[in-house]
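First up is the structure itself, then whatever we jot down about it.
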Amino acid sequence: MIRQHSFENDKPTLYLVPTPIGNLNEMSPRAIEILKSVDVIACEDTRTSGQLLKHFDIHSHLIAYHNFNEEASTKGLLNLLEEGRNVALISDAGYPLINDPGQRVVLAASEAGFNVVPVSGPSAFLNAIVASGQIVQPFIFVGFVPQGHGERVKKLREYKNYPMTLVFYEAPHRIEACLKDCLDVFGDRKMTLVRELTKVHEEFIRGTISEILAVVNELKGEMVIVMEGCHDDPEKDVDMSAVLDMVNASIEEGLSAKDAIKAASVKTGIAKNKIYDAFHNKDTVS
């Protein structure tokens with residue numbers, strides 16, 4: 001067990017600092033203060049972040065930390081912390097680790113006993129969901145779904161029976177294909193498409209998937225999909241053999257039967273006791 005009292009020790013600190021997703025006025029005084037005070041700022045793109053730091057007159061040393069060098073850079077950042085340096089991790093826009101690099105260094109720094117301190121700030125999916133008009137709690141943040149049709153459909157089917165609101169990110173050149181797959185997998189659910197958050201062309205489009213598909217070709221900018229959860233009876237016309245395949249696959253990956261049944265219940269919305277009965281009476285399942 002590791003207990004971190006963030007501000008009651010002299011240990012080096014890794015700060016997770018969000019940056020504006022559009023409107024620069026959303027950069028908080030605390031974020032600016034921390035970025036000015038740290039020894040090193042790790043970012044996705046030094047050119048993009050360099051412009052941001054220049055705007056706020058921040059001169060801390062800037063280095064690259066992105067998906068393509070994350071393993072090597074994690075070791076480098078850990079070395080800096082071991083030398084007593086304070087480090088800030090930023091994304092091109094929004095919150096580090098939320099569909100952006102940073103998971104490895106956070107795990108490594110926390111396991112090594114260094115402080116890992118989050119700084120409050122902008123997050124596209126939170127902005128989108130609270131103003132979407134969809135049910136906010138509970139929700140599942142999925143991030144980007146796969147780019148290819150087959151893998152995307154497979155991923156969407158995993159979430160088909162979840163009763164919680166679903167939140168996705170999507171790029172403008174893939175939004176039409178993504179929504180067509182959503183329509184095929186989910187049916188014509190209610191949703192909100194949010195684009196250009198905090199920018200001058202910010203827009204919320206609320207309607208059904210088919211209604212939004214009719215106008216989607218007109219749209220540009222980074223997008224957030226806030227999708228209504230499933231309100232159908234998940235046990236109606238259920239293919240229990242497919243559910244048992246899911247349980248068996250989880251067991252092969254190392255889960256116990258109990259945990260595999262629980263995971264399948266969460267994923268499908270089917271009661272645990274029903275899956276349990278089917279699993280232990282496999283001969284009766286057609």
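Every chain in the structure tokens takes a letter, A first, then B, and so on in the order presented; its residues are numbered from 1, and the ligands are numbered from 1 following the presented order.
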Using only C-alpha atoms, tabulate the residues of region 64-163 of chain A lying at most 9 Å from any atom of region 261-272 of chain A, each with its closest atom pair and that distance in Å to one decimal, by chain and increasing residue number, as JSON lines.
```
{"residue": "A:Glu158", "atom": "CA", "partner": "A:Lys267", "partner_atom": "CA", "distance": 6.7}
{"residue": "A:Tyr159", "atom": "CA", "partner": "A:Lys267", "partner_atom": "CA", "distance": 6.8}
{"residue": "A:Lys160", "atom": "CA", "partner": "A:Thr268", "partner_atom": "CA", "distance": 7.8}
{"residue": "A:Asn161", "atom": "CA", "partner": "A:Thr268", "partner_atom": "CA", "distance": 5.4}
{"residue": "A:Tyr162", "atom": "CA", "partner": "A:Gly269", "partner_atom": "CA", "distance": 6.2}
{"residue": "A:Pro163", "atom": "CA", "partner": "A:Gly269", "partner_atom": "CA", "distance": 7.6}
```
Output file for the residues above (N, CA and C atoms, as a short mmCIF file (atom, residue, chain, number, x, y, z; two decimals), in the first residue's frame):
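Full text of again06.cif as output:
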```
data_model
loop_
_atom_site.label_atom_id
_atom_site.label_comp_id
_atom_site.auth_asym_id
_atom_site.auth_seq_id
_atom_site.Cartn_x
_atom_site.Cartn_y
_atom_site.Cartn_z
N GLU A 158 -19.95 -4.64 -28.03
CA GLU A 158 -19.61 -4.87 -26.63
C GLU A 158 -20.42 -3.97 -25.71
N TYR A 159 -20.81 -2.80 -26.20
CA TYR A 159 -21.51 -1.81 -25.37
C TYR A 159 -23.01 -1.74 -25.68
N LYS A 160 -23.48 -2.60 -26.57
CA LYS A 160 -24.86 -2.52 -27.05
C LYS A 160 -25.89 -2.57 -25.93
N ASN A 161 -25.69 -3.45 -24.95
CA ASN A 161 -26.70 -3.66 -23.91
C ASN A 161 -26.45 -2.88 -22.63
N TYR A 162 -25.43 -2.04 -22.61
CA TYR A 162 -25.16 -1.23 -21.42
C TYR A 162 -26.27 -0.20 -21.23
N PRO A 163 -26.85 -0.11 -20.04
CA PRO A 163 -27.90 0.88 -19.81
C PRO A 163 -27.37 2.29 -19.59
#
```
*asked:* Which residues are near Ser123 (chain A)? Cut-off 7 Å, only C-alpha atoms, ignore same chain within fewer than 4 positions. Put them as number ranges by chain.
replied: A: 94-95, 127
May I have the residues from that selection written out with N, CA, C and O atoms, as a PDB file, in the first residue's frame?
```
ATOM      1  N   GLY A  94      -6.728  19.460 -23.598  1.00  0.00           N
ATOM      2  CA  GLY A  94      -7.490  18.639 -22.670  1.00  0.00           C
ATOM      3  C   GLY A  94      -6.625  17.998 -21.598  1.00  0.00           C
ATOM      4  O   GLY A  94      -5.545  18.483 -21.272  1.00  0.00           O
ATOM      5  N   TYR A  95      -7.123  16.896 -21.071  1.00  0.00           N
ATOM      6  CA  TYR A  95      -6.516  16.272 -19.900  1.00  0.00           C
ATOM      7  C   TYR A  95      -5.556  15.153 -20.290  1.00  0.00           C
ATOM      8  O   TYR A  95      -5.916  14.275 -21.076  1.00  0.00           O
ATOM      9  N   ASN A 127     -17.323  18.315 -20.658  1.00  0.00           N
ATOM     10  CA  ASN A 127     -18.069  19.438 -21.225  1.00  0.00           C
ATOM     11  C   ASN A 127     -19.254  18.933 -22.035  1.00  0.00           C
ATOM     12  O   ASN A 127     -20.370  19.457 -21.947  1.00  0.00           O
TER      13      ASN A 127
END
```
Can you list every residue in region 104-196 of chain A that DSSP puts in alpha helix (DSSP H), as a tab-separated table (two decimals) with N, CA and C atoms, in the first residue's frame?
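So the final result, stored in out.tsv, reads:
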```
chain	number	residue	atom	x	y	z
A	104	ARG	N	1.69	5.18	-18.69
A	104	ARG	CA	2.90	4.47	-18.25
A	104	ARG	C	3.67	5.27	-17.20
A	105	VAL	N	3.83	6.56	-17.45
A	105	VAL	CA	4.64	7.35	-16.51
A	105	VAL	C	3.90	7.55	-15.19
A	106	VAL	N	2.58	7.65	-15.23
A	106	VAL	CA	1.82	7.77	-13.98
A	106	VAL	C	1.97	6.50	-13.15
A	107	LEU	N	1.85	5.35	-13.79
A	107	LEU	CA	2.02	4.08	-13.06
A	107	LEU	C	3.43	3.96	-12.50
A	108	ALA	N	4.43	4.29	-13.33
A	108	ALA	CA	5.82	4.16	-12.89
A	108	ALA	C	6.13	5.12	-11.75
A	109	ALA	N	5.67	6.36	-11.86
A	109	ALA	CA	5.95	7.36	-10.83
A	109	ALA	C	5.26	7.03	-9.51
A	110	SER	N	4.01	6.59	-9.59
A	110	SER	CA	3.28	6.27	-8.37
A	110	SER	C	3.86	5.03	-7.69
A	111	GLU	N	4.25	4.02	-8.50
A	111	GLU	CA	4.85	2.81	-7.92
A	111	GLU	C	6.20	3.09	-7.29
A	124	ALA	N	-12.86	17.56	-22.73
A	124	ALA	CA	-13.91	17.61	-23.76
A	124	ALA	C	-15.11	16.73	-23.43
A	125	PHE	N	-14.86	15.50	-22.94
A	125	PHE	CA	-16.01	14.62	-22.74
A	125	PHE	C	-16.89	15.08	-21.58
A	126	LEU	N	-16.30	15.70	-20.54
A	126	LEU	CA	-17.12	16.22	-19.45
A	126	LEU	C	-17.94	17.42	-19.90
A	127	ASN	N	-17.32	18.31	-20.66
A	127	ASN	CA	-18.07	19.44	-21.22
A	127	ASN	C	-19.25	18.93	-22.03
A	128	ALA	N	-18.98	17.92	-22.86
A	128	ALA	CA	-20.02	17.42	-23.76
A	128	ALA	C	-21.18	16.78	-23.01
A	129	ILE	N	-20.87	15.93	-22.04
A	129	ILE	CA	-21.95	15.15	-21.42
A	129	ILE	C	-22.84	16.01	-20.53
A	130	VAL	N	-22.26	16.97	-19.80
A	130	VAL	CA	-23.10	17.73	-18.88
A	130	VAL	C	-24.08	18.64	-19.61
A	149	HIS	N	-14.17	-0.66	-40.17
A	149	HIS	CA	-15.59	-1.02	-40.00
A	149	HIS	C	-15.78	-2.25	-39.13
A	150	GLY	N	-15.07	-3.35	-39.45
A	150	GLY	CA	-15.28	-4.60	-38.72
A	150	GLY	C	-14.93	-4.48	-37.25
A	151	GLU	N	-13.78	-3.90	-36.94
A	151	GLU	CA	-13.37	-3.75	-35.55
A	151	GLU	C	-14.27	-2.76	-34.82
A	152	ARG	N	-14.71	-1.72	-35.51
A	152	ARG	CA	-15.60	-0.74	-34.88
A	152	ARG	C	-16.94	-1.39	-34.50
A	153	VAL	N	-17.50	-2.16	-35.41
A	153	VAL	CA	-18.77	-2.84	-35.12
A	153	VAL	C	-18.60	-3.80	-33.94
A	154	LYS	N	-17.48	-4.52	-33.93
A	154	LYS	CA	-17.21	-5.44	-32.83
A	154	LYS	C	-17.16	-4.69	-31.49
A	155	LYS	N	-16.49	-3.54	-31.48
A	155	LYS	CA	-16.40	-2.75	-30.25
A	155	LYS	C	-17.76	-2.21	-29.84
A	156	LEU	N	-18.53	-1.71	-30.79
A	156	LEU	CA	-19.86	-1.17	-30.47
A	156	LEU	C	-20.77	-2.26	-29.90
A	157	ARG	N	-20.67	-3.47	-30.41
A	157	ARG	CA	-21.50	-4.56	-29.91
A	157	ARG	C	-21.20	-4.88	-28.45
A	158	GLU	N	-19.95	-4.64	-28.03
A	158	GLU	CA	-19.61	-4.87	-26.63
A	158	GLU	C	-20.42	-3.97	-25.71
A	175	ILE	N	-16.88	10.42	-38.96
A	175	ILE	CA	-18.11	10.52	-38.17
A	175	ILE	C	-19.29	9.85	-38.87
A	176	GLU	N	-19.41	10.00	-40.18
A	176	GLU	CA	-20.55	9.40	-40.89
A	176	GLU	C	-20.50	7.88	-40.80
A	177	ALA	N	-19.35	7.30	-41.08
A	177	ALA	CA	-19.22	5.84	-41.02
A	177	ALA	C	-19.48	5.34	-39.61
A	178	CYS	N	-19.00	6.08	-38.61
A	178	CYS	CA	-19.20	5.67	-37.22
A	178	CYS	C	-20.68	5.68	-36.86
A	179	LEU	N	-21.38	6.74	-37.23
A	179	LEU	CA	-22.81	6.83	-36.88
A	179	LEU	C	-23.65	5.80	-37.64
A	180	LYS	N	-23.25	5.47	-38.85
A	180	LYS	CA	-23.96	4.42	-39.58
A	180	LYS	C	-23.82	3.08	-38.85
A	181	ASP	N	-22.62	2.82	-38.35
A	181	ASP	CA	-22.42	1.58	-37.58
A	181	ASP	C	-23.19	1.63	-36.26
A	182	CYS	N	-23.24	2.80	-35.63
A	182	CYS	CA	-24.02	2.95	-34.40
A	182	CYS	C	-25.50	2.67	-34.66
A	183	LEU	N	-26.01	3.16	-35.79
A	183	LEU	CA	-27.41	2.93	-36.14
A	183	LEU	C	-27.68	1.44	-36.33
A	184	ASP	N	-26.76	0.76	-37.01
A	184	ASP	CA	-26.93	-0.68	-37.26
A	184	ASP	C	-26.87	-1.49	-35.96
A	185	VAL	N	-25.96	-1.11	-35.07
A	185	VAL	CA	-25.74	-1.90	-33.84
A	185	VAL	C	-26.73	-1.53	-32.75
A	186	PHE	N	-26.95	-0.24	-32.52
A	186	PHE	CA	-27.77	0.23	-31.40
A	186	PHE	C	-29.24	0.41	-31.76
```
Can you tell me, as a PDB file with N, CA, C and O atoms, in the first residue's frame, what residues are no more than 8 Å from Glu228 (chain A) when counting only C-alpha atoms, ignoring any on the same chain fewer than 4 positions away?
```pdb
ATOM      1  N   GLN A 134     -28.519  14.388 -22.397  1.00  0.00           N
ATOM      2  CA  GLN A 134     -28.644  12.965 -22.091  1.00  0.00           C
ATOM      3  C   GLN A 134     -28.470  12.765 -20.581  1.00  0.00           C
ATOM      4  O   GLN A 134     -28.020  13.660 -19.867  1.00  0.00           O
ATOM      5  N   ILE A 135     -28.830  11.565 -20.103  1.00  0.00           N
ATOM      6  CA  ILE A 135     -28.639  11.238 -18.694  1.00  0.00           C
ATOM      7  C   ILE A 135     -27.141  11.223 -18.397  1.00  0.00           C
ATOM      8  O   ILE A 135     -26.375  10.559 -19.083  1.00  0.00           O
ATOM      9  N   MET A 164     -26.057   2.433 -19.391  1.00  0.00           N
ATOM     10  CA  MET A 164     -25.455   3.731 -19.112  1.00  0.00           C
ATOM     11  C   MET A 164     -25.260   4.540 -20.391  1.00  0.00           C
ATOM     12  O   MET A 164     -25.119   3.983 -21.475  1.00  0.00           O
ATOM     13  N   THR A 165     -25.252   5.866 -20.253  1.00  0.00           N
ATOM     14  CA  THR A 165     -24.934   6.746 -21.374  1.00  0.00           C
ATOM     15  C   THR A 165     -23.507   6.459 -21.838  1.00  0.00           C
ATOM     16  O   THR A 165     -22.599   6.250 -21.029  1.00  0.00           O
ATOM     17  N   LEU A 166     -23.304   6.431 -23.145  1.00  0.00           N
ATOM     18  CA  LEU A 166     -22.001   6.130 -23.737  1.00  0.00           C
ATOM     19  C   LEU A 166     -21.410   7.399 -24.340  1.00  0.00           C
ATOM     20  O   LEU A 166     -22.125   8.170 -24.990  1.00  0.00           O
ATOM     21  N   ARG A 189     -31.227   5.258 -31.637  1.00  0.00           N
ATOM     22  CA  ARG A 189     -31.276   5.847 -30.299  1.00  0.00           C
ATOM     23  C   ARG A 189     -31.174   7.373 -30.345  1.00  0.00           C
ATOM     24  O   ARG A 189     -30.704   7.956 -31.316  1.00  0.00           O
ATOM     25  N   LYS A 190     -31.543   7.974 -29.227  1.00  0.00           N
ATOM     26  CA  LYS A 190     -31.304   9.399 -29.049  1.00  0.00           C
ATOM     27  C   LYS A 190     -29.810   9.621 -28.792  1.00  0.00           C
ATOM     28  O   LYS A 190     -29.147   8.790 -28.168  1.00  0.00           O
ATOM     29  N   MET A 191     -29.303  10.749 -29.245  1.00  0.00           N
ATOM     30  CA  MET A 191     -27.892  11.060 -29.036  1.00  0.00           C
ATOM     31  C   MET A 191     -27.693  12.566 -29.148  1.00  0.00           C
ATOM     32  O   MET A 191     -28.581  13.299 -29.571  1.00  0.00           O
TER      33      MET A 191
END
```
*For Val87 (chain A), please output as an MDAnalysis selection string all residues within 8 Å (counting only C-alpha atoms; exclusion window: fewer than 2 positions along the same chain).*
chainID A and resid 13:15 38:42 77 80:81 85 89
